[in-house]
file entry22.cif (mmCIF, C-alpha atoms)
data_data
loop_
_atom_site.label_atom_id
_atom_site.label_comp_id
_atom_site.auth_asym_id
_atom_site.auth_seq_id
_atom_site.Cartn_x
_atom_site.Cartn_y
_atom_site.Cartn_z
CA MET A 26 220.00 123.55 -43.99
CA SER A 27 220.23 125.55 -40.79
CA ASP A 28 223.39 127.39 -39.79
CA ARG A 29 223.73 124.94 -36.95
CA GLU A 30 223.89 121.93 -39.31
CA GLU A 31 226.50 123.66 -41.41
CA GLU A 32 228.58 124.18 -38.29
CA LEU A 33 228.31 120.47 -37.57
CA GLY A 34 229.54 119.59 -41.03
CA PHE A 35 226.54 117.44 -41.97
CA ALA A 36 226.17 116.39 -45.60
CA PRO A 37 222.89 117.23 -47.37
CA GLU A 38 220.12 114.78 -46.53
CA HIS A 39 219.94 113.40 -50.07
CA ASP A 40 223.68 112.69 -50.15
CA ALA A 41 223.15 109.05 -49.23
CA PRO A 42 222.93 105.86 -51.31
CA ILE A 43 219.86 106.07 -53.58
CA PRO A 44 216.92 104.04 -52.19
CA TYR A 45 216.41 102.13 -55.44
CA MET A 46 213.77 99.70 -54.23
CA GLN A 47 211.54 102.57 -53.07
CA ARG A 48 212.19 104.63 -56.21
CA ILE A 49 211.44 101.71 -58.51
CA ARG A 50 208.28 100.77 -56.57
CA ASP A 51 206.93 104.34 -56.73
CA TYR A 52 207.95 104.68 -60.36
CA TYR A 53 206.11 101.63 -61.65
CA GLN A 54 203.07 102.37 -59.53
CA ALA A 55 202.90 105.86 -60.99
CA LEU A 56 203.24 104.35 -64.47
CA GLY A 57 200.13 102.34 -63.70
CA TYR A 58 201.45 98.85 -63.06
CA GLY A 59 199.83 96.82 -60.30
CA ALA A 60 201.39 94.90 -57.45
CA PRO A 61 204.90 96.06 -56.54
CA TYR A 62 207.80 93.81 -57.49
CA ARG A 63 208.85 91.46 -54.72
CA TRP A 64 212.64 91.54 -54.45
CA ALA A 65 214.55 88.45 -53.40
CA HIS A 66 215.34 88.69 -49.70
CA TYR A 67 217.08 86.37 -47.25
CA ALA A 68 217.82 86.55 -43.55
CA GLU A 69 220.65 84.02 -43.74
CA VAL A 70 223.77 84.62 -45.82
CA PRO A 71 226.28 81.87 -46.72
CA PHE A 72 229.99 82.51 -46.32
CA ALA A 73 232.91 80.57 -47.80
CA PRO A 74 236.28 81.70 -46.44
CA LEU A 75 239.20 82.10 -48.83
CA THR A 76 241.44 79.06 -48.57
CA LYS A 77 244.39 80.44 -50.55
CA GLN A 78 246.19 83.73 -50.97
CA LEU A 79 244.92 85.69 -53.96
CA ARG A 80 248.37 85.57 -55.51
CA ASP A 81 247.94 81.79 -55.69
CA SER A 82 244.27 81.89 -56.72
CA ARG A 83 242.46 81.54 -60.00
CA ILE A 84 239.87 84.31 -60.16
CA GLY A 85 236.63 84.04 -62.11
CA LEU A 86 234.47 86.88 -63.43
CA ILE A 87 230.68 87.06 -63.83
CA THR A 88 228.95 89.95 -65.58
CA THR A 89 225.44 91.01 -66.59
CA ALA A 90 226.72 92.88 -69.65
CA ALA A 91 225.86 91.53 -73.11
CA PRO A 92 228.02 90.95 -76.18
CA TYR A 93 227.58 93.68 -78.78
CA GLN A 94 225.23 92.46 -81.51
CA PRO A 95 225.34 94.75 -84.57
CA ASP A 96 221.91 93.57 -85.78
CA LYS A 97 220.15 94.47 -82.50
CA GLY A 98 219.81 98.23 -82.76
CA ASN A 99 221.55 101.04 -80.92
CA GLN A 100 223.81 99.77 -78.14
CA GLY A 101 226.33 102.57 -78.33
CA PRO A 102 227.27 105.05 -75.63
CA GLY A 103 224.18 106.94 -74.50
CA ALA A 104 221.77 104.62 -76.36
CA PRO A 105 218.23 104.59 -74.99
CA TYR A 106 217.15 101.43 -73.18
CA ASN A 107 217.16 98.60 -75.72
CA ALA A 108 215.77 95.18 -74.80
CA ALA A 109 216.83 93.57 -78.10
CA PRO A 110 220.35 92.52 -77.03
CA LYS A 111 219.05 90.91 -73.83
CA PHE A 112 219.96 87.26 -73.31
CA TYR A 113 218.16 84.54 -71.39
CA THR A 114 220.75 81.81 -71.07
CA VAL A 115 224.19 81.88 -69.44
CA TYR A 116 226.98 82.59 -71.94
CA SER A 117 230.75 82.34 -71.58
CA GLY A 118 233.74 84.00 -73.22
CA ASP A 119 237.46 83.31 -73.52
CA SER A 120 239.25 85.40 -70.88
CA ALA A 121 242.36 85.68 -73.03
CA ALA A 122 240.47 87.32 -75.92
CA GLU A 123 239.15 90.87 -76.31
CA HIS A 124 235.41 91.36 -75.95
CA ASP A 125 232.99 94.14 -76.78
CA LEU A 126 230.37 94.01 -74.03
CA ARG A 127 227.56 96.56 -73.78
CA ILE A 128 224.91 97.55 -71.25
CA ALA A 129 222.21 99.13 -73.44
CA HIS A 130 219.84 96.34 -72.27
CA ILE A 131 220.20 97.50 -68.65
CA ALA A 132 218.41 100.34 -66.86
CA TYR A 133 221.59 102.18 -65.96
CA ASP A 134 221.52 105.88 -65.07
CA ARG A 135 221.17 107.47 -68.50
CA SER A 136 220.89 110.99 -67.08
CA HIS A 137 224.31 110.95 -65.47
CA THR A 138 226.45 108.46 -67.35
CA THR A 139 226.76 107.28 -70.94
CA ALA A 140 228.32 103.78 -70.91
CA GLU A 141 231.20 104.91 -73.10
CA ASP A 142 233.97 103.02 -71.27
CA SER A 143 233.45 99.28 -70.74
CA ASN A 144 236.17 99.27 -68.08
CA CYS A 145 233.50 100.78 -65.80
CA TRP A 146 231.55 97.51 -65.83
CA PHE A 147 233.76 94.81 -67.34
CA PRO A 148 237.13 94.61 -65.55
CA LEU A 149 238.59 91.73 -67.57
CA PRO A 150 241.53 93.78 -68.94
CA ALA A 151 242.21 95.05 -65.41
CA LEU A 152 242.10 91.51 -64.02
CA ARG A 153 244.59 90.35 -66.64
CA ARG A 154 246.91 93.18 -65.59
CA LEU A 155 246.61 92.12 -61.94
CA ALA A 156 247.51 88.56 -62.93
CA ALA A 157 250.55 89.83 -64.85
CA GLU A 158 251.62 91.83 -61.79
CA GLY A 159 251.16 88.81 -59.52
CA ARG A 160 248.42 90.42 -57.39
CA ILE A 161 246.22 87.44 -58.31
CA GLY A 162 247.44 84.02 -59.44
CA GLU A 163 245.59 83.95 -62.74
CA VAL A 164 242.33 84.80 -64.44
CA ALA A 165 239.99 81.84 -64.93
CA PRO A 166 239.96 80.66 -68.57
CA ARG A 167 236.42 81.92 -69.15
CA PHE A 168 234.19 84.72 -67.89
CA HIS A 169 230.45 84.15 -67.68
CA GLY A 170 227.39 86.22 -68.55
CA ALA A 171 224.46 86.04 -66.13
CA PRO A 172 221.00 86.69 -67.60
CA THR A 173 218.95 89.28 -65.70
CA ASN A 174 215.54 87.74 -65.39
CA ARG A 175 212.49 89.06 -63.53
CA SER A 176 211.66 85.45 -62.62
CA HIS A 177 213.33 84.42 -59.37
CA ARG A 178 212.55 80.81 -60.23
CA THR A 179 214.54 80.95 -63.46
CA THR A 180 217.50 82.69 -61.84
CA LEU A 181 217.61 80.31 -58.86
CA ASP A 182 216.77 76.99 -60.54
CA THR A 183 218.39 77.41 -63.94
CA ASP A 184 220.92 80.23 -64.16
CA CYS A 185 222.64 79.96 -60.74
CA PRO A 186 223.32 76.19 -61.04
CA GLU A 187 224.58 76.73 -64.60
CA LEU A 188 226.96 79.48 -63.44
CA LEU A 189 228.21 77.25 -60.61
CA ALA A 190 228.82 74.34 -63.00
CA ARG A 191 230.84 76.56 -65.34
CA VAL A 192 232.84 78.16 -62.50
CA ARG A 193 233.63 74.67 -61.19
CA ALA A 194 234.65 73.47 -64.64
CA ASP A 195 237.02 76.45 -64.78
CA LYS A 196 238.43 75.45 -61.37
CA ALA A 197 238.11 79.03 -60.12
CA ASP A 198 239.11 79.58 -56.49
CA ALA A 199 237.08 82.78 -56.07
CA VAL A 200 234.73 84.85 -58.23
CA ILE A 201 234.20 88.56 -58.83
CA LEU A 202 230.61 89.40 -59.76
CA VAL A 203 229.84 92.73 -61.34
CA ALA A 204 226.29 94.13 -61.26
CA VAL A 205 225.69 96.89 -63.78
CA MET B 6 217.37 93.30 -61.86
CA CYS B 7 221.13 93.13 -62.39
CA HIS B 8 221.96 93.63 -58.76
CA GLN B 9 219.45 91.01 -57.72
CA THR B 10 220.70 88.45 -60.27
CA VAL B 11 224.33 88.90 -59.32
CA SER B 12 223.52 88.76 -55.60
CA LEU B 13 221.63 85.48 -56.03
CA ALA B 14 224.54 84.05 -58.04
CA ALA B 15 227.04 85.11 -55.37
CA ARG B 16 224.95 83.40 -52.71
CA HIS B 17 224.71 80.20 -54.74
CA LEU B 18 228.47 80.05 -55.39
CA GLU B 19 229.22 80.78 -51.77
CA ALA B 20 226.80 78.14 -50.48
CA ASN B 21 228.77 75.71 -52.63
CA GLY B 22 232.15 76.71 -51.19
CA ILE B 23 233.33 79.35 -53.66
CA PRO B 24 234.22 82.76 -52.15
CA THR B 25 232.83 85.80 -53.97
CA VAL B 26 232.77 89.55 -53.97
CA VAL B 27 230.02 91.62 -55.60
CA LEU B 28 230.73 95.03 -57.12
CA GLY B 29 227.72 97.29 -57.57
CA CYS B 30 226.10 100.70 -57.24
CA ALA B 31 222.71 99.74 -55.73
CA LYS B 32 223.42 99.31 -52.06
CA ASP B 33 219.88 98.65 -50.90
CA ILE B 34 219.13 95.88 -53.41
CA VAL B 35 222.34 93.91 -52.78
CA GLU B 36 222.02 94.18 -49.01
CA TYR B 37 218.32 93.29 -49.10
CA VAL B 38 219.07 90.07 -50.99
CA GLY B 39 222.02 89.47 -48.64
CA VAL B 40 225.51 88.67 -49.93
CA PRO B 41 228.76 87.66 -48.24
CA ARG B 42 231.03 90.46 -49.54
CA PHE B 43 230.10 93.67 -51.34
CA LEU B 44 232.12 96.60 -52.61
CA PHE B 45 229.65 99.46 -53.01
CA SER B 46 230.47 102.42 -55.24
CA ASP B 47 228.14 105.37 -54.67
CA PHE B 48 228.07 106.13 -58.41
CA PRO B 49 225.24 106.31 -60.96
CA LEU B 50 224.12 102.82 -62.06
CA GLY B 51 226.41 101.66 -64.84
CA ASN B 52 229.76 102.30 -63.15
CA PRO B 53 230.37 99.43 -60.71
CA THR B 54 234.09 99.19 -61.52
CA GLY B 55 235.07 102.84 -61.60
CA ARG B 56 234.62 106.19 -63.31
CA PRO B 57 234.58 106.40 -67.13
CA ASN B 58 237.94 107.13 -68.76
CA ASP B 59 239.61 107.18 -65.36
CA PRO B 60 241.93 104.15 -65.16
CA GLN B 61 243.11 105.26 -61.73
CA SER B 62 239.59 105.09 -60.23
CA GLN B 63 239.04 101.72 -61.96
CA ALA B 64 242.26 100.33 -60.47
CA VAL B 65 241.39 101.63 -57.00
CA THR B 66 237.91 100.08 -57.22
CA LEU B 67 239.14 96.65 -58.25
CA GLU B 68 241.90 96.65 -55.64
CA LEU B 69 239.34 97.52 -52.97
CA ALA B 70 237.17 94.63 -54.13
CA LEU B 71 240.11 92.25 -53.80
CA ARG B 72 240.78 93.57 -50.31
CA VAL B 73 237.16 92.89 -49.39
CA LEU B 74 237.47 89.38 -50.82
CA GLU B 75 240.60 88.77 -48.74
CA SER B 76 239.61 90.33 -45.47
CA ALA B 77 235.83 90.21 -44.89
CA PRO B 78 235.42 88.78 -41.37
CA ALA B 79 231.82 87.63 -41.80
CA PRO B 80 228.93 87.58 -44.30
CA ARG B 81 227.15 90.87 -45.14
CA THR B 82 230.44 92.72 -45.21
CA THR B 83 229.85 95.90 -47.22
CA VAL B 84 232.67 98.32 -47.90
CA GLN B 85 231.80 101.65 -49.47
CA SER B 86 234.39 103.02 -51.86
CA PRO B 87 235.69 106.41 -50.71
CA LEU B 88 235.53 107.68 -54.31
CA ARG B 89 232.95 110.38 -55.00
CA TRP B 90 231.13 110.66 -58.33
CA SER B 91 230.94 114.43 -58.08
CA ALA B 92 231.29 117.09 -55.41
CA ASP B 93 227.61 117.90 -55.93
CA PRO B 94 225.33 115.01 -54.87
CA ALA B 95 222.33 116.38 -56.85
CA TRP B 96 222.58 113.47 -59.34
CA LYS B 97 221.11 111.20 -56.69
CA LEU B 98 217.73 112.96 -56.95
CA ASP B 99 217.10 112.02 -60.59
CA TYR B 100 217.01 108.24 -61.09
CA SER B 101 213.41 106.95 -61.54
CA ASN B 102 212.20 109.86 -59.43
CA ILE B 103 208.51 110.11 -60.20
CA ALA B 104 208.26 113.48 -58.43
CA ARG B 105 210.44 114.94 -61.18
CA LEU B 106 208.39 113.71 -64.17
CA SER B 107 205.47 115.45 -65.92
CA PRO B 108 202.26 113.48 -66.65
CA GLU B 109 203.18 113.55 -70.37
CA GLU B 110 206.60 112.09 -69.63
CA ILE B 111 205.05 109.37 -67.43
CA ALA B 112 202.66 108.40 -70.27
CA ARG B 113 205.52 108.34 -72.77
CA ARG B 114 207.62 106.13 -70.48
CA ARG B 115 204.77 103.70 -69.96
CA ALA B 116 204.31 103.26 -73.71
CA GLU B 117 208.06 102.76 -74.15
CA PHE B 118 208.21 100.27 -71.28
CA ASP B 119 205.39 98.19 -72.80
CA ARG B 120 207.14 98.24 -76.17
CA GLN B 121 210.47 97.05 -74.68
CA LYS B 122 208.68 94.37 -72.65
CA GLU B 123 207.24 92.91 -75.86
CA ILE B 124 210.72 92.82 -77.44
CA ALA B 125 212.14 91.06 -74.37
CA LYS B 126 209.28 88.53 -74.44
CA THR B 127 210.03 87.67 -78.05
CA ILE B 128 213.67 86.93 -77.20
CA ARG B 129 212.80 84.98 -74.05
CA THR B 130 210.35 82.66 -75.79
CA LYS B 131 212.61 82.08 -78.80
CA PRO B 132 214.84 79.00 -78.39
CA GLN B 133 218.46 79.97 -77.91
CA ALA B 134 221.56 77.95 -78.64
CA ALA B 135 223.44 77.45 -75.38
CA GLU B 136 227.10 78.36 -75.67
#

call {"tool": "encode", "arguments": {"input": "entry22.cif", "output": "structure tokens"}}
result
Amino acid sequence: MSDREEELGFAPEHDAPIPYMQRIRDYYQALGYGAPYRWAHYAEVPFAPLTKQLRDSRIGLITTAAPYQPDKGNQGPGAPYNAAPKFYTVYSGDSAAEHDLRIAHIAYDRSHTTAEDSNCWFPLPALRRLAAEGRIGEVAPRFHGAPTNRSHRTTLDTDCPELLARVRADKADAVILVAV
Amino acid sequence: MCHQTVSLAARHLEANGIPTVVLGCAKDIVEYVGVPRFLFSDFPLGNPTGRPNDPQSQAVTLELALRVLESAPAPRTTVQSPLRWSADPAWKLDYSNIARLSPEEIARRRAEFDRQKEIAKTIRTKPQAAE
């Protein structure tokens, strides 16, 4: 960095959001895999305005984390990537109960974080607190697990309609979706 | 894949009249898919709802997401959390950065990737009981 840039107070060039699509494309090409992955991409984006105040709303939660399965190998903090606990159908859980959800089946940043605190990716306890405080009306009776599938077709034709049906059955007014 | 899946689900809910907000750490993927409301945390993947063992940062993150849900004026509203992962941004140079891997490490990762892909295939093709 030149003295001039320092005077201007610029941040380092790499201090910007990581270009994941480029990194992942270069990575798999270097590993020897063929055609780059085609990410889903739309020009048009739907928008449903809120019709109620949040303090009067029932809030749903969707996650890509997976229930801990003791027979599926290491899923603990800092575990190496482990495909065994992956799931391929939508699942649901009781929002009033405690859950042990893990992210060992996800390519999170294992160099810089260890997945030791599920509150970093599963805010159900925090949502229940906000309902108790009156910030939101209530938490929907169930949260839902969304399978992460390479197949766009499966996500769009099977998993998204299933998530919608469950969210509707819960009568949720709005939904928080957490991508790990 | 997570960010793509969640973005597609948000779009589907929204197209059917249900307002959503996405929380995530991969800004480019979520914005490329295109979602109505997005709270972006510039943190290592794995921390979309705050810093580990830091309830304060988790509360701030969720509150910001609710504010985005309440106040987004139009689709493709992204708000970036003001929280910083660390004063030093060097962590951003590491994730899947091929320039930082030796040929031996690349070969090892390819073998491991193929092994995990086989495990995933076994689960995918096995019938599952829907909950």

call {"tool": "closest_residue", "arguments": {"input": "entry22.cif", "among": "B:Ser107, B:Ser86, B:Gln9, B:Thr130", "to": "Tyr113 of chain A", "atoms": "all atoms listed in the file"}}
result
B:Thr130

call {"tool": "residues_near_point", "arguments": {"input": "entry22.cif", "point": "(205.2, 101.0, -61.5)", "cutoff": "12 Å", "atoms": "all atoms listed in the file", "output": "list in words"}}
result
Met46, Gln47, Arg48, Ile49, Arg50, Asp51, Tyr52, Tyr53, Gln54, Ala55, Leu56, Gly57, Tyr58, Gly59, Ala60, Pro61 and Tyr62 of chain A; Ser101, Asn102, Ile103, Ile111, Ala112, Arg114, Arg115, Phe118 and Asp119 of chain B

call {"tool": "axis_aligned_box", "arguments": {"input": "entry22.cif", "around": "segment 71-89 of chain B", "padding_each_side": "8 Å", "output": "AutoDock Vina command-line options"}}
result
--center_x 234.0 --center_y 99.0 --center_z -48.2 --size_x 29.6 --size_y 38.8 --size_z 29.6

call {"tool": "interface_residues", "arguments": {"input": "entry22.cif", "of": "chain A", "to": "chain B", "cutoff": "7 Å", "atoms": "only C-alpha atoms", "output": "ChimeraX atom specification"}}
result
/A:40,42-46,48-49,51-52,56,65-67,70-75,89,107-109,111,113-114,116-117,133-134,137-138,140,142,144-146,148,173-175,180,185,189,198-205

call {"tool": "atom_distance", "arguments": {"input": "entry22.cif", "atom1": "atom CA of Lys196 of chain A", "atom2": "atom CA of Ala90 of chain A"}}
result
22.6 Å

call {"tool": "resolve_selection", "arguments": {"input": "entry22.cif", "expression": "the PyMOL selection byres ((chain A and resi 85) around 6)", "output": "MDAnalysis selection string"}}
result
chainID A and resid 84 86 165 197 200

call {"tool": "atom_distance", "arguments": {"input": "entry22.cif", "atom1": "atom CA of Ser143 of chain A", "atom2": "atom CA of Gln100 of chain A"}}
result
12.2 Å

call {"tool": "atom_distance", "arguments": {"input": "entry22.cif", "atom1": "atom CA of Ile161 of chain A", "atom2": "atom CA of Gln78 of chain A"}}
result
8.2 Å
